[in-house]
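Pasting data-v4.csv here (CSV, C-alpha atoms):
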chain,number,residue,atom,x,y,z
H,1,GLY,CA,0.0,0.0,0.0
H,2,ALA,CA,2.8,2.4,0.8
H,3,TYR,CA,4.5,1.6,-2.5
H,4,ILE,CA,1.4,2.3,-4.4
H,5,SER,CA,0.9,5.6,-2.6
H,6,ARG,CA,4.4,6.9,-3.4
H,7,THR,CA,4.5,5.6,-7.0
H,8,ILE,CA,1.2,6.5,-8.5
H,9,ALA,CA,1.2,9.7,-10.6
H,10,PRO,CA,-1.6,11.6,-12.3
H,11,ASN,CA,-3.1,10.2,-15.5
H,12,MET,CA,-1.6,6.7,-15.0
H,13,THR,CA,-3.4,3.6,-16.0
H,14,ILE,CA,-3.0,0.8,-13.5
H,15,GLY,CA,-3.9,-2.9,-14.0
H,16,LEU,CA,-4.7,-4.9,-10.9
H,17,GLY,CA,-4.9,-8.6,-10.1
H,18,TRP,CA,-6.5,-9.8,-6.8
H,19,GLY,CA,-6.0,-11.9,-3.8
H,20,LYS,CA,-5.7,-11.7,0.0
H,21,THR,CA,-2.2,-10.2,0.0
H,22,LEU,CA,-3.3,-7.4,-2.3
H,23,SER,CA,-6.6,-6.8,-0.4
H,24,ALA,CA,-4.6,-6.3,2.8
H,25,SER,CA,-2.8,-3.4,1.2
H,26,VAL,CA,-5.8,-1.2,0.7
H,27,PRO,CA,-5.9,0.5,4.2
H,28,ALA,CA,-2.3,1.7,3.6
H,29,ILE,CA,-3.1,3.4,0.3
H,30,LEU,CA,-3.3,7.2,1.0
H,31,PRO,CA,-6.5,8.7,-0.3
H,32,ARG,CA,-6.1,11.3,-3.1
H,33,ASP,CA,-8.3,13.6,-5.1
H,34,PRO,CA,-9.2,12.6,-8.7
H,35,ASP,CA,-6.4,13.4,-11.1
H,36,GLY,CA,-6.9,11.3,-14.2
H,37,ILE,CA,-5.9,7.9,-12.8
H,38,ARG,CA,-7.6,4.8,-14.3
H,39,VAL,CA,-7.7,1.4,-12.5
H,40,VAL,CA,-8.3,-1.7,-14.6
H,41,SER,CA,-9.2,-5.0,-13.1
H,42,LEU,CA,-7.4,-7.7,-15.0
H,43,LEU,CA,-9.7,-10.6,-14.2
H,44,GLY,CA,-13.2,-11.5,-13.5
H,45,GLY,CA,-14.7,-11.9,-10.0
H,46,LEU,CA,-16.0,-14.4,-7.5
H,47,THR,CA,-19.6,-15.5,-7.4
H,48,ARG,CA,-19.5,-16.8,-3.8
H,49,ILE,CA,-17.8,-15.1,-0.9
H,50,THR,CA,-17.5,-15.3,2.8
H,51,ASP,CA,-15.9,-12.6,5.0
H,52,GLN,CA,-14.1,-10.8,2.2
H,53,ASN,CA,-14.1,-10.6,-1.5
H,54,PRO,CA,-10.6,-10.4,-3.0
H,55,SER,CA,-12.0,-9.6,-6.4
H,56,GLU,CA,-13.2,-6.3,-5.1
H,57,PHE,CA,-9.6,-5.1,-4.8
H,58,ALA,CA,-9.7,-3.0,-8.0
H,59,TRP,CA,-12.7,-0.8,-7.0
H,60,ARG,CA,-11.5,-0.5,-3.4
H,61,VAL,CA,-8.1,0.8,-4.7
H,62,ALA,CA,-9.9,3.1,-7.2
H,63,ALA,CA,-12.0,4.6,-4.4
H,64,ARG,CA,-8.8,5.4,-2.4
H,65,LEU,CA,-7.2,6.9,-5.5
H,66,GLY,CA,-10.2,8.9,-6.7
H,67,ALA,CA,-9.8,6.9,-10.0
H,68,GLU,CA,-12.1,5.6,-12.7
H,69,CYS,CA,-12.5,1.9,-12.4
H,70,TYR,CA,-12.9,-0.7,-15.2
H,71,MET,CA,-14.2,-4.1,-14.1
H,72,MET,CA,-14.6,-7.5,-15.7
H,73,ALA,CA,-18.2,-7.9,-14.8
H,74,ALA,CA,-18.2,-11.7,-15.1
H,75,PRO,CA,-17.1,-14.7,-13.1
H,76,VAL,CA,-13.4,-15.5,-13.3
H,77,PHE,CA,-14.1,-19.0,-14.6
H,78,ALA,CA,-16.6,-19.5,-17.3
H,79,PRO,CA,-18.3,-22.9,-17.6
H,80,ASP,CA,-16.6,-23.7,-20.9
H,81,HIS,CA,-14.2,-22.3,-23.5
H,82,ALA,CA,-16.9,-21.1,-25.9
H,83,THR,CA,-18.6,-19.1,-23.1
H,84,ARG,CA,-15.3,-17.6,-22.1
H,85,ASP,CA,-14.6,-16.4,-25.6
H,86,ALA,CA,-18.1,-15.0,-26.1
H,87,LEU,CA,-17.8,-13.0,-22.9
H,88,ALA,CA,-14.2,-11.8,-23.7
H,89,THR,CA,-15.4,-10.4,-27.0
H,90,HIS,CA,-18.2,-8.4,-25.5
H,91,THR,CA,-17.6,-4.7,-26.2
H,92,GLY,CA,-17.0,-3.7,-22.6
H,93,MET,CA,-14.8,-6.7,-21.8
H,94,SER,CA,-12.8,-6.4,-25.0
H,95,ASP,CA,-12.0,-2.8,-24.1
H,96,ILE,CA,-10.4,-4.0,-20.9
H,97,PHE,CA,-8.2,-6.5,-22.7
H,98,GLN,CA,-7.1,-3.7,-25.0
H,99,GLN,CA,-6.3,-1.4,-22.1
H,100,ALA,CA,-4.3,-4.2,-20.5
H,101,ARG,CA,-1.8,-4.0,-23.4
H,102,ALA,CA,-0.9,-0.4,-22.7
H,103,LEU,CA,-0.6,-0.1,-18.9
H,104,ASP,CA,1.7,2.2,-17.0
H,105,MET,CA,1.8,-0.2,-14.0
H,106,ALA,CA,0.4,-3.7,-13.2
H,107,ILE,CA,0.2,-4.9,-9.6
H,108,LEU,CA,-0.2,-8.7,-9.3
H,109,SER,CA,0.0,-11.5,-6.9
H,110,VAL,CA,0.4,-15.3,-7.3
H,111,GLY,CA,-1.5,-18.1,-5.6
H,112,ASP,CA,-0.7,-21.6,-4.5
H,113,LEU,CA,-2.7,-24.8,-4.8
H,114,THR,CA,-2.8,-25.7,-1.1
H,115,PRO,CA,-6.1,-26.1,0.9
H,116,ARG,CA,-5.7,-22.5,2.0
H,117,SER,CA,-5.8,-21.2,-1.6
H,118,VAL,CA,-8.7,-19.0,-2.8
H,119,PHE,CA,-9.6,-21.8,-5.3
H,120,SER,CA,-10.3,-24.2,-2.4
H,121,GLU,CA,-11.6,-21.7,0.1
H,122,TYR,CA,-14.2,-20.1,-2.3
H,123,GLY,CA,-15.0,-23.3,-4.3
H,124,LEU,CA,-13.8,-21.8,-7.6
H,125,LEU,CA,-12.7,-25.2,-8.8
H,126,THR,CA,-13.6,-28.7,-7.8
H,127,ARG,CA,-11.1,-30.9,-6.0
H,128,GLU,CA,-10.9,-33.1,-9.1
H,129,GLU,CA,-10.0,-30.0,-11.2
H,130,LEU,CA,-7.3,-29.0,-8.7
H,131,THR,CA,-5.9,-32.5,-8.6
H,132,SER,CA,-5.9,-32.6,-12.4
H,133,LEU,CA,-4.0,-29.3,-12.6
H,134,GLU,CA,-1.4,-30.7,-10.2
H,135,HIS,CA,-1.0,-33.8,-12.4
H,136,ALA,CA,-0.5,-31.4,-15.3
H,137,GLY,CA,2.4,-29.8,-13.5
H,138,ALA,CA,0.7,-26.7,-12.0
H,139,ILE,CA,2.1,-25.4,-8.7
H,140,GLY,CA,0.0,-22.2,-8.6
H,141,ASP,CA,-1.4,-19.3,-10.6
H,142,ALA,CA,-0.9,-15.8,-11.9
H,143,LEU,CA,-4.1,-14.0,-12.8
H,144,CYS,CA,-5.8,-17.4,-12.4
H,145,HIS,CA,-3.7,-18.9,-15.2
H,146,PHE,CA,-2.1,-22.0,-13.8
H,147,VAL,CA,1.7,-22.3,-14.2
H,148,ASP,CA,4.4,-24.9,-13.6
H,149,ALA,CA,7.6,-24.4,-11.6
H,150,GLU,CA,9.3,-22.8,-14.6
H,151,GLY,CA,6.6,-20.2,-15.0
H,152,ASN,CA,5.0,-21.8,-18.1
H,153,ILE,CA,1.3,-21.7,-18.4
H,154,VAL,CA,0.2,-25.3,-18.4
H,155,ASP,CA,-1.9,-26.9,-21.1
H,156,HIS,CA,-5.1,-27.6,-19.2
H,157,PRO,CA,-8.8,-27.1,-19.9
H,158,VAL,CA,-9.2,-24.8,-16.9
H,159,ASN,CA,-6.8,-22.3,-18.4
H,160,GLN,CA,-9.0,-22.1,-21.4
H,161,ARG,CA,-12.0,-21.1,-19.3
H,162,VAL,CA,-10.4,-18.3,-17.3
H,163,LEU,CA,-11.7,-14.8,-17.9
H,164,ALA,CA,-8.6,-12.9,-17.3
H,165,VAL,CA,-5.8,-11.1,-19.1
H,166,ASN,CA,-3.0,-13.5,-20.0
H,167,PRO,CA,0.1,-12.6,-17.9
H,168,ILE,CA,2.3,-12.9,-20.9
H,169,ASP,CA,0.4,-9.9,-22.5
H,170,LEU,CA,1.6,-7.7,-19.7
H,171,ARG,CA,5.3,-7.9,-20.5
H,172,GLY,CA,5.2,-4.6,-22.3
H,173,THR,CA,4.0,-2.8,-19.1
H,174,ARG,CA,6.5,-0.2,-17.9
H,175,ASN,CA,6.3,-1.3,-14.3
H,176,ILE,CA,5.2,-4.8,-13.2
H,177,VAL,CA,4.9,-5.2,-9.4
H,178,LEU,CA,4.7,-8.7,-8.0
H,179,ALA,CA,3.5,-8.7,-4.4
H,180,SER,CA,3.0,-12.0,-2.5
H,181,GLY,CA,4.1,-13.7,0.6
H,182,GLY,CA,4.2,-16.8,2.7
H,183,TRP,CA,6.6,-19.6,2.9
H,184,ARG,CA,4.1,-22.0,1.1
H,185,LYS,CA,4.2,-19.7,-1.9
H,186,LEU,CA,8.0,-19.8,-2.4
H,187,GLY,CA,7.8,-22.1,-5.4
H,188,VAL,CA,5.0,-20.1,-7.2
H,189,ILE,CA,6.8,-16.8,-6.5
H,190,ARG,CA,9.8,-18.2,-8.2
H,191,ALA,CA,7.6,-19.2,-11.1
H,192,GLY,CA,6.0,-15.7,-11.1
H,193,LEU,CA,9.4,-14.1,-11.4
H,194,LYS,CA,10.1,-16.1,-14.5
H,195,LEU,CA,6.7,-15.6,-16.1
H,196,LEU,CA,6.1,-11.9,-15.3
H,197,GLN,CA,9.6,-10.6,-15.2
H,198,PRO,CA,8.6,-7.9,-12.7
H,199,THR,CA,10.4,-4.7,-12.1
H,200,VAL,CA,9.4,-4.7,-8.4
H,201,LEU,CA,9.1,-7.7,-6.0
H,202,ILE,CA,7.4,-7.2,-2.6
H,203,VAL,CA,7.6,-10.2,-0.3
H,204,ASP,CA,8.0,-11.1,3.4
H,205,GLU,CA,11.4,-11.4,5.0
H,206,LEU,CA,11.7,-15.2,5.0
H,207,VAL,CA,10.9,-15.5,1.3
H,208,ALA,CA,13.2,-12.5,0.5
H,209,GLU,CA,16.1,-14.2,2.4
H,210,ARG,CA,15.6,-17.5,0.6
H,211,LEU,CA,15.4,-15.8,-2.9
H,212,SER,CA,18.5,-13.8,-2.1
H,213,SER,CA,20.4,-16.9,-1.1
H,214,GLU,CA,19.5,-18.5,-4.5
H,215,ALA,CA,20.5,-15.5,-6.6

Encoding of this model in structure tokens:
Amino acid sequence: GAYISRTIAPNMTIGLGWGKTLSASVPAILPRDPDGIRVVSLLGGLTRITDQNPSEFAWRVAARLGAECYMMAAPVFAPDHATRDALATHTGMSDIFQQARALDMAILSVGDLTPRSVFSEYGLLTREELTSLEHAGAIGDALCHFVDAEGNIVDHPVNQRVLAVNPIDLRGTRNIVLASGGWRKLGVIRAGLKLLQPTVLIVDELVAERLSSEA
């Protein structure tokens, strides 16, 4: 949240992922008056929530920054590939995918496949689907695209149903921020570094020490 506050400048377009790590940053973002900032959510939302909705991250950030907010008004996982493609080509949705190719900054997190992941907690995918992803080599996700340990997006039907910007399409972004934490995410953070090639990494001390020792 502090990094966002000191880095954002007027008239920037910022693309956002979602997750618990990013949601926790919102109270630390300093409120500001409108000055041309645009916030773009890079993936669809949840259809079932409990105490918090990590997919609300984009509009909560936009409210703090006095920004316009562009949301993918659809579930993050469509029932099938054809439905996903039909939604992605809708006028409002396709505009978001276009904006994602010309961002000033993207702020993303990565997720794991443990029982504590959002996919398990919110029932986004079945246990069978999660097991199948693991068998395909997936260790976690970036923008709900499941990746292997080398940061490659795995060939799996779930990845064909996700309503989200492909992380590879963000590589032209001036400033990519990867913010994630927790020892259990070490492997997928490594994968995220390879996939996203971020300019800024924000992690906890234990993960930072381990990554530094590997450099």

> Contacts of stretch 32-46 of chain H at 9 Å or less, counting all atoms listed in the file, minus same-chain residues fewer than 5 places along, as a PyMOL selection string?
Replying inline: chain H and resi 8-18+53-59+61-62+64-77+96-97+99-100+103+106+122+124+143-144+162-166

Please dump the current selection as a PDB file, in the coordinates of the input; keep C-alpha atoms.
ATOM      1  CA  ILE H   8       1.200   6.500  -8.500  1.00  0.00           C
ATOM      2  CA  ALA H   9       1.200   9.700 -10.600  1.00  0.00           C
ATOM      3  CA  PRO H  10      -1.600  11.600 -12.300  1.00  0.00           C
ATOM      4  CA  ASN H  11      -3.100  10.200 -15.500  1.00  0.00           C
ATOM      5  CA  MET H  12      -1.600   6.700 -15.000  1.00  0.00           C
ATOM      6  CA  THR H  13      -3.400   3.600 -16.000  1.00  0.00           C
ATOM      7  CA  ILE H  14      -3.000   0.800 -13.500  1.00  0.00           C
ATOM      8  CA  GLY H  15      -3.900  -2.900 -14.000  1.00  0.00           C
ATOM      9  CA  LEU H  16      -4.700  -4.900 -10.900  1.00  0.00           C
ATOM     10  CA  GLY H  17      -4.900  -8.600 -10.100  1.00  0.00           C
ATOM     11  CA  TRP H  18      -6.500  -9.800  -6.800  1.00  0.00           C
ATOM     12  CA  ASN H  53     -14.100 -10.600  -1.500  1.00  0.00           C
ATOM     13  CA  PRO H  54     -10.600 -10.400  -3.000  1.00  0.00           C
ATOM     14  CA  SER H  55     -12.000  -9.600  -6.400  1.00  0.00           C
ATOM     15  CA  GLU H  56     -13.200  -6.300  -5.100  1.00  0.00           C
ATOM     16  CA  PHE H  57      -9.600  -5.100  -4.800  1.00  0.00           C
ATOM     17  CA  ALA H  58      -9.700  -3.000  -8.000  1.00  0.00           C
ATOM     18  CA  TRP H  59     -12.700  -0.800  -7.000  1.00  0.00           C
ATOM     19  CA  VAL H  61      -8.100   0.800  -4.700  1.00  0.00           C
ATOM     20  CA  ALA H  62      -9.900   3.100  -7.200  1.00  0.00           C
ATOM     21  CA  ARG H  64      -8.800   5.400  -2.400  1.00  0.00           C
ATOM     22  CA  LEU H  65      -7.200   6.900  -5.500  1.00  0.00           C
ATOM     23  CA  GLY H  66     -10.200   8.900  -6.700  1.00  0.00           C
ATOM     24  CA  ALA H  67      -9.800   6.900 -10.000  1.00  0.00           C
ATOM     25  CA  GLU H  68     -12.100   5.600 -12.700  1.00  0.00           C
ATOM     26  CA  CYS H  69     -12.500   1.900 -12.400  1.00  0.00           C
ATOM     27  CA  TYR H  70     -12.900  -0.700 -15.200  1.00  0.00           C
ATOM     28  CA  MET H  71     -14.200  -4.100 -14.100  1.00  0.00           C
ATOM     29  CA  MET H  72     -14.600  -7.500 -15.700  1.00  0.00           C
ATOM     30  CA  ALA H  73     -18.200  -7.900 -14.800  1.00  0.00           C
ATOM     31  CA  ALA H  74     -18.200 -11.700 -15.100  1.00  0.00           C
ATOM     32  CA  PRO H  75     -17.100 -14.700 -13.100  1.00  0.00           C
ATOM     33  CA  VAL H  76     -13.400 -15.500 -13.300  1.00  0.00           C
ATOM     34  CA  PHE H  77     -14.100 -19.000 -14.600  1.00  0.00           C
ATOM     35  CA  ILE H  96     -10.400  -4.000 -20.900  1.00  0.00           C
ATOM     36  CA  PHE H  97      -8.200  -6.500 -22.700  1.00  0.00           C
ATOM     37  CA  GLN H  99      -6.300  -1.400 -22.100  1.00  0.00           C
ATOM     38  CA  ALA H 100      -4.300  -4.200 -20.500  1.00  0.00           C
ATOM     39  CA  LEU H 103      -0.600  -0.100 -18.900  1.00  0.00           C
ATOM     40  CA  ALA H 106       0.400  -3.700 -13.200  1.00  0.00           C
ATOM     41  CA  TYR H 122     -14.200 -20.100  -2.300  1.00  0.00           C
ATOM     42  CA  LEU H 124     -13.800 -21.800  -7.600  1.00  0.00           C
ATOM     43  CA  LEU H 143      -4.100 -14.000 -12.800  1.00  0.00           C
ATOM     44  CA  CYS H 144      -5.800 -17.400 -12.400  1.00  0.00           C
ATOM     45  CA  VAL H 162     -10.400 -18.300 -17.300  1.00  0.00           C
ATOM     46  CA  LEU H 163     -11.700 -14.800 -17.900  1.00  0.00           C
ATOM     47  CA  ALA H 164      -8.600 -12.900 -17.300  1.00  0.00           C
ATOM     48  CA  VAL H 165      -5.800 -11.100 -19.100  1.00  0.00           C
ATOM     49  CA  ASN H 166      -3.000 -13.500 -20.000  1.00  0.00           C
TER      50      ASN H 166
END

> Which polymer residues have any atom within 10 Å of an atom of H:His145, counting only C-alpha atoms, with same-chain residues fewer than 6 positions away left out, as a PyMOL selection string?
Replying inline: chain H and resi 110-111+138+152-154+156+158-167

Within 8 Å of stretch 175-177 of chain H using all atoms listed in the file, minus same-chain residues under 4 positions, as a compact mmCIF listing (two decimals) with C-alpha atoms, keeping the file's coordinate frame:
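See selection-v2.txt below for the written result:
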# COMPACT_ATOMS: atom_id res chain seq x y z
CA ASP H 104 1.70 2.20 -17.00
CA MET H 105 1.80 -0.20 -14.00
CA ALA H 106 0.40 -3.70 -13.20
CA ILE H 107 0.20 -4.90 -9.60
CA LEU H 108 -0.20 -8.70 -9.30
CA LEU H 170 1.60 -7.70 -19.70
CA ARG H 171 5.30 -7.90 -20.50
CA LEU H 196 6.10 -11.90 -15.30
CA GLN H 197 9.60 -10.60 -15.20
CA PRO H 198 8.60 -7.90 -12.70
CA THR H 199 10.40 -4.70 -12.10
CA VAL H 200 9.40 -4.70 -8.40
CA LEU H 201 9.10 -7.70 -6.00
CA ILE H 202 7.40 -7.20 -2.60

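Using all atoms listed in the file, the nearest neighbour of H:Ser117 within the list H:Glu129, H:Asp148, H:Asp141, H:Glu209 is H:Asp141.
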
> How many Å lie between atom CA of H:Ala2 and atom CA of H:Ile189, rounded to one decimal?
Replying inline: 20.9 Å

With N, CA, C and O atoms as the target, complete stretch 86-100 of chain H and hand it back as a PDB file, in the frame of the given file.
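Below is the file out-v4.pdb, written as the result:
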ATOM      1  N   ALA H  86     -16.948 -15.908 -25.777  1.00  0.00           N
ATOM      2  CA  ALA H  86     -18.100 -15.000 -26.100  1.00  0.00           C
ATOM      3  C   ALA H  86     -18.085 -13.832 -25.103  1.00  0.00           C
ATOM      4  O   ALA H  86     -18.318 -12.686 -25.511  1.00  0.00           O
ATOM      5  N   LEU H  87     -17.809 -14.071 -23.828  1.00  0.00           N
ATOM      6  CA  LEU H  87     -17.800 -13.000 -22.900  1.00  0.00           C
ATOM      7  C   LEU H  87     -16.585 -12.046 -23.134  1.00  0.00           C
ATOM      8  O   LEU H  87     -16.722 -10.822 -23.042  1.00  0.00           O
ATOM      9  N   ALA H  88     -15.443 -12.610 -23.488  1.00  0.00           N
ATOM     10  CA  ALA H  88     -14.200 -11.800 -23.700  1.00  0.00           C
ATOM     11  C   ALA H  88     -14.365 -10.878 -24.894  1.00  0.00           C
ATOM     12  O   ALA H  88     -13.694  -9.842 -24.950  1.00  0.00           O
ATOM     13  N   THR H  89     -15.211 -11.223 -25.856  1.00  0.00           N
ATOM     14  CA  THR H  89     -15.400 -10.400 -27.000  1.00  0.00           C
ATOM     15  C   THR H  89     -16.506  -9.377 -26.913  1.00  0.00           C
ATOM     16  O   THR H  89     -16.731  -8.586 -27.825  1.00  0.00           O
ATOM     17  N   HIS H  90     -17.221  -9.401 -25.795  1.00  0.00           N
ATOM     18  CA  HIS H  90     -18.200  -8.400 -25.500  1.00  0.00           C
ATOM     19  C   HIS H  90     -17.570  -7.014 -25.503  1.00  0.00           C
ATOM     20  O   HIS H  90     -16.445  -6.865 -25.011  1.00  0.00           O
ATOM     21  N   THR H  91     -18.255  -6.003 -26.001  1.00  0.00           N
ATOM     22  CA  THR H  91     -17.600  -4.700 -26.200  1.00  0.00           C
ATOM     23  C   THR H  91     -16.934  -4.170 -24.925  1.00  0.00           C
ATOM     24  O   THR H  91     -15.762  -3.794 -24.962  1.00  0.00           O
ATOM     25  N   GLY H  92     -17.630  -4.178 -23.797  1.00  0.00           N
ATOM     26  CA  GLY H  92     -17.000  -3.700 -22.600  1.00  0.00           C
ATOM     27  C   GLY H  92     -15.834  -4.471 -22.119  1.00  0.00           C
ATOM     28  O   GLY H  92     -14.823  -3.936 -21.653  1.00  0.00           O
ATOM     29  N   MET H  93     -15.927  -5.783 -22.257  1.00  0.00           N
ATOM     30  CA  MET H  93     -14.800  -6.700 -21.800  1.00  0.00           C
ATOM     31  C   MET H  93     -13.640  -6.552 -22.751  1.00  0.00           C
ATOM     32  O   MET H  93     -12.494  -6.508 -22.302  1.00  0.00           O
ATOM     33  N   SER H  94     -13.893  -6.513 -24.045  1.00  0.00           N
ATOM     34  CA  SER H  94     -12.800  -6.400 -25.000  1.00  0.00           C
ATOM     35  C   SER H  94     -12.001  -5.131 -24.805  1.00  0.00           C
ATOM     36  O   SER H  94     -10.779  -5.088 -25.017  1.00  0.00           O
ATOM     37  N   ASP H  95     -12.689  -4.058 -24.380  1.00  0.00           N
ATOM     38  CA  ASP H  95     -12.000  -2.800 -24.100  1.00  0.00           C
ATOM     39  C   ASP H  95     -10.964  -2.975 -22.976  1.00  0.00           C
ATOM     40  O   ASP H  95      -9.866  -2.406 -23.027  1.00  0.00           O
ATOM     41  N   ILE H  96     -11.322  -3.775 -21.970  1.00  0.00           N
ATOM     42  CA  ILE H  96     -10.400  -4.000 -20.900  1.00  0.00           C
ATOM     43  C   ILE H  96      -9.174  -4.774 -21.337  1.00  0.00           C
ATOM     44  O   ILE H  96      -8.040  -4.453 -20.970  1.00  0.00           O
ATOM     45  N   PHE H  97      -9.387  -5.788 -22.175  1.00  0.00           N
ATOM     46  CA  PHE H  97      -8.200  -6.500 -22.700  1.00  0.00           C
ATOM     47  C   PHE H  97      -7.330  -5.644 -23.527  1.00  0.00           C
ATOM     48  O   PHE H  97      -6.107  -5.795 -23.491  1.00  0.00           O
ATOM     49  N   GLN H  98      -7.913  -4.688 -24.235  1.00  0.00           N
ATOM     50  CA  GLN H  98      -7.100  -3.700 -25.000  1.00  0.00           C
ATOM     51  C   GLN H  98      -6.303  -2.830 -24.097  1.00  0.00           C
ATOM     52  O   GLN H  98      -5.104  -2.579 -24.312  1.00  0.00           O
ATOM     53  N   GLN H  99      -6.969  -2.303 -23.061  1.00  0.00           N
ATOM     54  CA  GLN H  99      -6.300  -1.400 -22.100  1.00  0.00           C
ATOM     55  C   GLN H  99      -5.118  -2.131 -21.430  1.00  0.00           C
ATOM     56  O   GLN H  99      -4.091  -1.517 -21.112  1.00  0.00           O
ATOM     57  N   ALA H 100      -5.281  -3.429 -21.204  1.00  0.00           N
ATOM     58  CA  ALA H 100      -4.300  -4.200 -20.500  1.00  0.00           C
ATOM     59  C   ALA H 100      -2.945  -4.262 -21.271  1.00  0.00           C
ATOM     60  O   ALA H 100      -1.892  -4.557 -20.694  1.00  0.00           O
TER      61      ALA H 100
END
